[in-house]
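Written below as structure tokens is the structure these notes are about.
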Amino acid sequence: MTTNNSATVRRIFEGMSSGDEAVLNATIEKCYTPDVAHHGMGEEFLGRDGVKEMARSYLTAFPDITVTIEAQVESGDTVVTRIVATGTNSGEFDGKPPTGKGMRMTAISMARFVDGKVAEEWEEGDMLGMMTQIGHLPA
């Protein structure tokens with residue numbers, strides 16, 4: 001059974017997969033609390049603007065990014081989602097130039113909800129594998 005919280009997480013990943021920054025920003029405005037705290041993959045972002053900054057970095061680096069939900073579990077006010085992200089490194093990422101190489105990265109996202117919006121989010125993904133695939137680290 002999909003609840004509103006699970007559906008909200010799905011909407012967020014659909015917004016990322018749209019490749020459209022305006023769509024993604026509108027989704028973030030609708031789905032996150034103003035003071036959301038995002039933790040993960042070595043960085044901390046506070047507030048919706050911080051989440052937008054993080055999302056923009058992925059859209060810039062991988063304009064064709066697609067996020068597929070592989071599994072999702074909900075308990076109380078928390079939704080845990082296992083995803084696979086794919087895309088081509090066509091833009092700058094982490095201060096490094098584009099390589100034109102593709103990537104496939106697995107990640108786990110855990111979102112805590114308050115009043116139907118994401119108030120806190122943790123994400124961990126295979127950044128080492130992704131950076132190796134796109135040629136920014138030796139294989």
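By order of appearance in the structure tokens: chains A, B, ..., then residues from 1 within every chain, and ligands from 1 in the order shown.
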
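Excluding region 35-48 of chain A and any residue on its chain fewer than 3 positions from it, the residues at most 9 Å away by only C-alpha atoms are Asn25, Ile28, Glu29, Tyr32, Val51, Lys52, Glu53, Met54, Ser109, Val118, Ala119, Glu120, Glu121, Trp122, Glu123, Glu124, Gly125, Asp126 and Met127 of chain A.
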
Take the residues from that selection and put them in a file with C-alpha atoms, as a tab-separated table (two decimals), in the first residue's frame.
```tsv
chain	number	residue	atom	x	y	z
A	25	ASN	CA	12.54	23.25	-7.68
A	28	ILE	CA	11.20	20.67	-3.58
A	29	GLU	CA	9.05	23.66	-2.57
A	32	TYR	CA	10.08	19.68	1.82
A	51	VAL	CA	18.40	20.85	-1.22
A	52	LYS	CA	17.94	22.76	-4.50
A	53	GLU	CA	21.71	23.44	-4.63
A	54	MET	CA	22.49	19.75	-4.14
A	109	SER	CA	17.45	7.47	0.98
A	118	VAL	CA	10.22	15.87	4.33
A	119	ALA	CA	11.78	17.47	7.41
A	120	GLU	CA	15.00	15.50	7.48
A	121	GLU	CA	16.69	13.31	4.91
A	122	TRP	CA	19.71	10.99	4.89
A	123	GLU	CA	21.23	9.62	1.70
A	124	GLU	CA	24.15	7.26	1.17
A	125	GLY	CA	25.27	6.10	-2.23
A	126	ASP	CA	28.16	4.52	-4.06
A	127	MET	CA	30.00	7.76	-4.83
```

Close residues, region 61-68 of chain A itself excluded, 8 Å, only C-alpha atoms, min 3 positions apart in chain, as a PyMOL selection string: chain A and resi 13-14+16-19+57-58+83-93+98

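Our summary of the geometry notes that CA of Thr33 (chain A) is positioned 15.9 Å from CA of Ser6 (chain A).
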
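The closest residue to Ala7 (chain A), picked from A:Thr106, A:Thr81, A:Thr99, A:Gln133 and counting only C-alpha atoms, is A:Thr81.
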
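Distance annotation: of A:Glu70, A:Ile134, A:Arg82, A:Cys31, the residue with the minimal separation from Asn4 (chain A) is A:Cys31; atom set is only C-alpha atoms.
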
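Comparing the minimum interatomic distances between Met131 (chain A) and each of A:Val114, A:Ile12, A:Met105, A:Leu24, counting only C-alpha atoms, we find that A:Met105 sits nearest.
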
Report, in Å with one decimal, the straight-line distance from CA of Met130 (chain A) to CA of Ile69 (chain A). 17.7 Å

Run DSSP on the backbone of this structure and report the residues of chain A it assigns to strand (DSSP E or B), as a ChimeraX atom specification. /A:32-40,43-46,66-75,78-88,93,96,102-114,117-125
